[in-house]
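S.K.: File follows, data_14.cif with mmCIF, C-alpha atoms and all ligand atoms:
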```cif
data_work
#
loop_
_atom_site.label_atom_id
_atom_site.label_comp_id
_atom_site.auth_asym_id
_atom_site.auth_seq_id
_atom_site.Cartn_x
_atom_site.Cartn_y
_atom_site.Cartn_z
CA MET A 1 40.49 -0.21 4.38
CA LYS A 2 38.31 -2.91 2.87
CA LYS A 3 36.73 -3.52 6.24
CA ALA A 4 35.94 0.17 6.69
CA LEU A 5 34.29 0.32 3.27
CA PHE A 6 32.23 -2.75 4.07
CA LEU A 7 31.11 -1.22 7.35
CA ALA A 8 30.17 2.03 5.65
CA ALA A 9 28.11 0.13 3.08
CA ALA A 10 26.40 -1.92 5.78
CA LEU A 11 25.54 1.24 7.70
CA ALA A 12 24.14 2.90 4.59
CA VAL A 13 21.85 -0.07 3.96
CA THR A 14 20.67 -0.13 7.57
CA ALA A 15 19.96 3.60 7.45
CA SER A 16 17.89 3.45 4.28
CA VAL A 17 15.83 0.52 5.55
CA ALA A 18 15.28 2.29 8.86
CA HIS A 19 13.83 5.30 7.02
CA ALA A 20 11.68 3.30 4.66
CA GLU A 21 8.12 2.62 5.60
CA SER A 22 7.71 -1.12 5.77
CA PHE A 23 4.98 -3.72 5.83
CA THR A 24 5.16 -7.46 6.33
CA PRO A 25 4.97 -8.91 2.80
CA ILE A 26 1.72 -10.69 1.99
CA THR A 27 2.37 -14.42 1.65
CA ASP A 28 -1.18 -15.75 1.98
CA GLN A 29 -1.72 -17.64 -1.28
CA LYS A 30 -5.51 -17.24 -1.24
CA VAL A 31 -5.21 -13.49 -0.91
CA ILE A 32 -2.50 -13.30 -3.58
CA ALA A 33 -4.66 -15.35 -5.97
CA ALA A 34 -7.79 -13.27 -5.29
CA CYS A 35 -6.26 -9.78 -5.09
CA GLY A 36 -2.91 -9.91 -6.82
CA GLU A 37 -3.94 -10.65 -10.36
CA CYS A 38 -4.63 -7.14 -11.69
CA HIS A 39 -2.43 -5.05 -9.38
CA MET A 40 -0.05 -5.56 -6.47
CA THR A 41 -1.70 -6.92 -3.34
CA PHE A 42 -2.28 -3.74 -1.35
CA PHE A 43 -1.43 -3.76 2.33
CA PRO A 44 -4.46 -4.01 4.66
CA GLN A 45 -2.74 -1.60 7.08
CA MET A 46 -3.19 1.29 4.63
CA LEU A 47 -6.97 1.46 5.10
CA PRO A 48 -9.42 1.16 8.01
CA GLN A 49 -11.84 -1.72 8.38
CA ALA A 50 -14.78 0.33 7.09
CA THR A 51 -13.07 0.87 3.73
CA TRP A 52 -12.08 -2.78 3.34
CA LYS A 53 -15.65 -3.83 4.17
CA LYS A 54 -16.97 -1.54 1.49
CA ILE A 55 -14.45 -2.58 -1.18
CA ILE A 56 -14.60 -6.32 -0.52
CA SER A 57 -18.40 -6.34 -0.29
CA ASP A 58 -18.74 -4.94 -3.80
CA LEU A 59 -16.21 -6.91 -5.86
CA PRO A 60 -18.45 -7.29 -8.96
CA ASN A 61 -18.24 -3.48 -9.32
CA HIS A 62 -14.57 -3.05 -8.48
CA PHE A 63 -13.14 0.14 -10.01
CA GLY A 64 -14.71 -0.72 -13.34
CA GLU A 65 -13.70 -4.39 -13.18
CA ASP A 66 -15.43 -7.56 -12.09
CA ALA A 67 -13.29 -8.97 -9.28
CA SER A 68 -15.98 -11.26 -7.84
CA LEU A 69 -15.08 -14.24 -5.71
CA ASP A 70 -17.09 -17.20 -4.45
CA ALA A 71 -18.72 -16.50 -1.08
CA GLU A 72 -16.23 -18.57 0.91
CA THR A 73 -13.14 -16.96 -0.62
CA GLN A 74 -14.69 -13.52 -0.27
CA ALA A 75 -15.32 -14.09 3.44
CA TYR A 76 -11.76 -15.34 3.88
CA VAL A 77 -10.23 -12.37 2.05
CA LEU A 78 -12.44 -9.91 3.93
CA ASN A 79 -11.46 -11.42 7.26
CA TYR A 80 -7.79 -11.24 6.29
CA HIS A 81 -8.06 -7.52 5.55
CA LEU A 82 -10.15 -6.74 8.65
CA ASN A 83 -7.66 -8.47 10.95
CA ASP A 84 -4.79 -6.38 9.66
CA ALA A 85 -6.58 -3.06 8.98
CA ALA A 86 -5.11 0.34 9.88
CA ASP A 87 -7.52 0.96 12.76
CA VAL A 88 -6.89 -2.35 14.53
CA GLN A 89 -3.15 -2.83 14.01
CA SER A 90 -0.64 -1.13 16.27
CA THR A 91 2.38 -1.06 13.95
CA ARG A 92 4.09 2.23 13.12
CA ALA A 93 2.82 2.04 9.55
CA ALA A 94 -0.79 1.41 10.60
CA LYS A 95 -0.68 4.40 12.96
CA LYS A 96 0.71 6.62 10.21
CA TRP A 97 -2.04 5.57 7.82
CA MET A 98 -4.69 6.29 10.49
CA ASP A 99 -3.38 9.80 11.12
CA LYS A 100 -6.10 12.31 10.04
CA VAL A 101 -8.47 9.55 8.91
CA ASP A 102 -12.08 10.44 9.76
CA LEU A 103 -13.83 7.17 10.59
CA ASN A 104 -17.21 8.84 10.03
CA ASN A 105 -16.12 9.52 6.47
CA PRO A 106 -13.46 6.91 5.73
CA PRO A 107 -11.31 7.16 2.57
CA THR A 108 -12.74 5.25 -0.38
CA ARG A 109 -9.32 4.05 -1.56
CA ILE A 110 -5.61 4.25 -0.82
CA VAL A 111 -4.83 7.12 -3.17
CA THR A 112 -7.36 9.35 -1.38
CA ALA A 113 -6.22 8.35 2.13
CA PRO A 114 -4.71 11.31 4.05
CA ARG A 115 -1.25 9.77 4.30
CA PHE A 116 -1.10 9.03 0.58
CA VAL A 117 -2.18 12.56 -0.28
CA ARG A 118 0.37 14.08 2.13
CA LYS A 119 3.22 12.01 0.74
CA HIS A 120 2.39 12.53 -2.93
CA SER A 121 1.72 16.24 -3.22
CA GLU A 122 5.31 17.45 -3.52
CA SER A 123 7.15 18.41 -6.68
CA GLU A 124 9.31 15.29 -6.30
CA PHE A 125 6.20 13.19 -6.94
CA THR A 126 5.09 15.27 -9.93
CA ARG A 127 8.55 15.05 -11.51
CA MET A 128 8.65 11.28 -11.07
CA TRP A 129 5.08 10.95 -12.39
CA GLU A 130 6.06 12.79 -15.58
CA ARG A 131 9.49 11.24 -16.01
CA LYS A 132 8.22 7.67 -15.67
CA ASN A 133 5.00 8.43 -17.54
CA VAL A 134 2.93 6.71 -14.85
CA LYS A 135 -0.76 6.26 -15.75
CA SER A 136 -2.26 5.74 -12.30
CA LYS A 137 -1.40 6.82 -8.78
CA ALA A 138 -2.41 3.32 -7.72
CA ASP A 139 0.53 1.88 -9.68
CA CYS A 140 2.77 1.96 -6.61
CA VAL A 141 5.33 -0.39 -8.17
CA ALA A 142 6.06 2.06 -11.00
CA CYS A 143 7.79 4.34 -8.48
CA HIS A 144 8.43 2.08 -5.46
CA LYS A 145 10.14 -0.95 -7.00
CA ASN A 146 10.02 -2.87 -3.71
CA ALA A 147 6.38 -2.04 -2.95
CA GLN A 148 5.18 -5.62 -3.16
CA ARG A 149 7.91 -6.60 -0.71
CA GLY A 150 6.45 -4.01 1.65
CA ILE A 151 9.18 -1.38 1.31
CA PHE A 152 8.41 2.24 0.44
CA GLU A 153 11.61 4.27 0.46
CA ASP A 154 11.42 7.97 1.11
CA ASP A 155 14.14 8.76 -1.43
C1 LIG B 1 -10.04 -8.12 -12.26
C2 LIG B 1 -8.97 -7.26 -11.78
C3 LIG B 1 -8.91 -6.96 -10.29
C4 LIG B 1 -8.92 -7.85 -9.24
C5 LIG B 1 -9.02 -9.36 -9.29
C6 LIG B 1 -8.81 -7.04 -8.04
N1 LIG B 1 -8.69 -5.72 -8.36
FE1 LIG B 1 -8.42 -4.18 -7.05
N2 LIG B 1 -8.43 -2.87 -8.60
C7 LIG B 1 -8.59 -3.18 -9.94
C8 LIG B 1 -8.52 -1.97 -10.72
C9 LIG B 1 -8.63 -1.88 -12.23
C10 LIG B 1 -8.33 -0.91 -9.81
C11 LIG B 1 -8.15 0.56 -10.13
C12 LIG B 1 -6.66 0.80 -10.32
C13 LIG B 1 -6.32 2.20 -10.73
O1 LIG B 1 -7.08 3.12 -10.46
O2 LIG B 1 -5.23 2.36 -11.32
C14 LIG B 1 -8.28 -1.52 -8.49
C15 LIG B 1 -8.09 -0.80 -7.33
C16 LIG B 1 -8.04 -1.33 -6.06
C17 LIG B 1 -7.85 -0.57 -4.86
C18 LIG B 1 -7.68 0.93 -4.77
C19 LIG B 1 -6.23 1.36 -4.89
C20 LIG B 1 -6.18 2.85 -4.93
O3 LIG B 1 -6.10 3.39 -6.02
O4 LIG B 1 -6.31 3.49 -3.91
C21 LIG B 1 -7.87 -1.44 -3.81
C22 LIG B 1 -7.72 -1.09 -2.35
C23 LIG B 1 -8.08 -2.75 -4.37
N3 LIG B 1 -8.16 -2.66 -5.74
C24 LIG B 1 -8.17 -3.90 -3.63
C25 LIG B 1 -8.42 -5.15 -4.17
C26 LIG B 1 -8.65 -6.32 -3.36
C27 LIG B 1 -8.68 -6.36 -1.86
C28 LIG B 1 -8.84 -7.37 -4.24
C29 LIG B 1 -9.14 -8.80 -3.90
C30 LIG B 1 -10.39 -9.03 -3.23
C31 LIG B 1 -8.73 -6.82 -5.59
N4 LIG B 1 -8.48 -5.47 -5.49
C32 LIG B 1 -8.84 -7.56 -6.77
C33 LIG B 1 -8.72 -4.46 -10.45
C34 LIG B 1 -8.76 -5.62 -9.73
C1 LIG B 2 4.66 8.58 -9.70
C2 LIG B 2 5.43 7.93 -8.62
C3 LIG B 2 4.74 7.38 -7.41
C4 LIG B 2 3.64 6.54 -7.35
C5 LIG B 2 2.80 6.00 -8.49
C6 LIG B 2 3.47 6.22 -5.95
N1 LIG B 2 4.40 6.87 -5.19
FE1 LIG B 2 4.64 6.74 -3.18
N2 LIG B 2 6.07 8.17 -3.23
C7 LIG B 2 6.59 8.74 -4.37
C8 LIG B 2 7.58 9.74 -4.01
C9 LIG B 2 8.39 10.59 -4.97
C10 LIG B 2 7.63 9.73 -2.60
C11 LIG B 2 8.55 10.55 -1.69
C12 LIG B 2 7.85 11.72 -1.08
C13 LIG B 2 8.55 12.16 0.18
O1 LIG B 2 9.54 11.56 0.58
O2 LIG B 2 8.06 13.08 0.79
C14 LIG B 2 6.68 8.72 -2.15
C15 LIG B 2 6.46 8.40 -0.81
C16 LIG B 2 5.67 7.36 -0.37
C17 LIG B 2 5.57 6.92 0.99
C18 LIG B 2 6.29 7.50 2.17
C19 LIG B 2 7.62 6.83 2.39
C20 LIG B 2 8.27 7.41 3.62
O3 LIG B 2 8.98 6.67 4.29
O4 LIG B 2 8.08 8.58 3.90
C21 LIG B 2 4.71 5.87 1.02
C22 LIG B 2 4.29 5.04 2.21
C23 LIG B 2 4.24 5.68 -0.33
N3 LIG B 2 4.85 6.59 -1.16
C24 LIG B 2 3.32 4.73 -0.71
C25 LIG B 2 2.79 4.62 -1.99
C26 LIG B 2 1.71 3.71 -2.34
C27 LIG B 2 1.01 2.78 -1.37
C28 LIG B 2 1.47 3.89 -3.67
C29 LIG B 2 0.43 3.21 -4.53
C30 LIG B 2 -0.93 3.17 -4.01
C31 LIG B 2 2.41 4.90 -4.16
N4 LIG B 2 3.19 5.32 -3.11
C32 LIG B 2 2.48 5.36 -5.46
C33 LIG B 2 6.24 8.42 -5.67
C34 LIG B 2 5.19 7.60 -6.04
#
```
Just dump the structure as C-alpha cells.

M.R.:
Amino acid sequence: MKKALFLAAALAVTASVAHAESFTPITDQKVIAACGECHMTFFPQMLPQATWKKIISDLPNHFGEDASLDAETQAYVLNYHLNDAADVQSTRAAKKWMDKVDLNNPPTRIVTAPRFVRKHSESEFTRMWERKNVKSKADCVACHKNAQRGIFEDD
C-alpha cells in the first residue's frame, strides 16, 4: 500500500515536470550580477539574437532604467546571450520560442514575443493576474514560482 502510494506520487511528479517548459538555470555569476539585480535573469532562449543585440547594446536606456555595464562585462554578457539565443539553440524550448517569430521584425521584448502572447491570452491568465494583483507581465516569478529555476508549469 505504502509502496503503491509512493509510486503514484513519483509518477505524478514526473508527469508534471515532463509537461513543464524547462530551461537550464543560469549559474553564470557575471550574468547574474549584471542582469539579475532588478528582475529575474531572463532565459536567452526566449529571444532571438537580434533582440538581445538591441537590448544589450542600449543598457543606459533600459526600460526606463540605467543598466549600464563596463565595456568588458557588456561584451561578455552579450556573448552569453547570443550563444544561447532562440534562433541558434536547438532545444525544445528554443524552437517553441522561435515559432512565428519574424526575424525581419523581431520582438522587442519577451512579453511581446509570439509564444508569450499565445500562452498569456487565456482567461486563466487574466484571472491569475487579477487574483495575485500582478503589476507587470514581465514579473514571471509572481505566477511561475520556479521561473528562476527554469521551470514554467502549464497548470
Ligand atoms: C537597474 C535595473 C535593471 C538591470 C540591472 C537590468 N534590467 Fe532588465 N529590466 C529592467 C526593468 C525595470 C525592466 C522592465 C520590467 C517591466 O516591464 O516590468 C526590464 C526588462 C527587461 C527585459 C524585458 C522583459 C519583458 O518584459 O519582456 C529584458 C529581456 C531584460 N530586462 C534583460 C536584461 C538584461 C539582459 C540585463 C543585463 C544586461 C538586465 N535586463 C539588467 C531593469 C533592469
Ligand atoms: C499573471 C500571471 C503570469 C505572469 C506574470 C506570467 N505568466 Fe506565464 N503563464 C501564466 C499562466 C496562467 C499560464 C498557463 C497558460 C496555459 O497553460 O495555456 C502560463 C504559461 C506560461 C508558459 C507555458 C508553459 C507550458 O508548458 O505551456 C510559459 C513558457 C510561460 N508562461 C512563461 C512566462 C514568462 C517567461 C513570464 C515572464 C516574462 C510569464 N510567463 C509571466 C501566468 C503568468

S.K.: I want to know what sits within 12 Å of Thr73 of chain A, based on all atoms listed in the file, with residues of the same chain fewer than 6 positions away left out; could you give that as a list in words?

M.R.: Gln29, Lys30, Val31, Ile32, Ala33, Ala34, Cys35, Ile56, Ser57, Leu59, Ala67, Asn79 and Tyr80 of chain A

S.K.: Could you jot down the atom CA of Glu65 of chain A to atom C20 of ligand LIG 1 (chain B) separation for me, Å, one decimal place?

M.R.: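 Calculated distance between atom CA of Glu65 of chain A and atom C20 of ligand LIG 1 (chain B) is 13.3 Å.
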
S.K.: Using all atoms listed in the file, can you tell me which of A:Arg127, A:Lys137, A:Lys119, A:Lys96 comes closest to ligand LIG 1 (chain B)?

M.R.: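 Closest residue, counting all atoms listed in the file: A:Lys137.
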
S.K.: Looking at only C-alpha atoms and all ligand atoms, which of A:Asn133, A:Gln49, A:Gln74, A:Ser123 is the one that sits closest to ligand LIG 1 (chain B)?

M.R.: A:Gln74

S.K.: Adding 6 Å on each side of the box along x, y and z that holds all listed atoms of ligand LIG 2 (chain B), could you give its centre and edge lengths in Å to one decimal, as AutoDock Vina command-line options?

M.R.:
```
--center_x 4.3 --center_y 7.9 --center_z -2.7 --size_x 22.5 --size_y 22.3 --size_z 26.0
```

S.K.: Taking all atoms listed in the file into account, which residues have an atom no farther than 6 Å from ligand LIG 2 (chain B)? I'd like them as a list in words.

M.R.: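 Checked against 6 Å with all atoms listed in the file; the hits are His19, Ala20, Glu21, Ile110, Val111, Lys119, His120, Glu124, Phe125, Met128, Trp129, Val134, Lys137, Ala138, Asp139, Cys140, Ala142, Cys143, Phe152, Glu153, Asp154 and Asp155 of chain A.
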
S.K.: Between A:Ser136, A:Ser90, A:Asn104, A:Gln148, which one has atoms that come closest to ligand LIG 1 (chain B), using all atoms listed in the file?

M.R.: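 Closest to ligand LIG 1 (chain B) of all the choices is A:Ser136.
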
S.K.: Using all atoms listed in the file, can you tell me which of A:Trp97, A:Phe63, A:Tyr76, A:Phe23 comes closest to Leu47 of chain A?

M.R.: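 Closest to Leu47 of chain A, using all atoms listed in the file: A:Trp97.
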
S.K.: So the first atom is atom C8 of ligand LIG 1 (chain B) and the second is atom CA of Phe42 of chain A; what is the distance between them in Å, to one decimal place?

M.R.: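 According to the coordinates, atom C8 of ligand LIG 1 (chain B) and atom CA of Phe42 of chain A are separated by 11.4 Å.
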
S.K.: Could you work out how far atom CA of Ala50 of chain A lies from atom CA of Ala85 of chain A, giving the answer in Å with one decimal?

M.R.: 9.1 Å

S.K.: Measuring between all atoms listed in the file, which one of A:Ser22, A:Ser68, A:Thr91, A:Asn146 shows the shortest distance to ligand LIG 1 (chain B)?

M.R.: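 For ligand LIG 1 (chain B), the nearest of the candidates is A:Ser68.
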
S.K.: Taking all atoms listed in the file into account, name the residue in A:Arg149, A:Lys54, A:Arg131, A:Arg118 that is nearest to ligand LIG 1 (chain B).

M.R.: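 Closest to ligand LIG 1 (chain B) of all the choices is A:Lys54.
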
S.K.: What's the 12 Å shell around Val88 of chain A, counting only C-alpha atoms, without same-chain residues fewer than 5 positions away, as a list in words?

M.R.: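 Near Val88 of chain A, the qualifying residues are Pro44, Gln45, Met46, Leu47, Pro48, Gln49, Ala50, His81, Leu82, Asn83, Ala93, Ala94, Lys95, Trp97 and Met98 of chain A.
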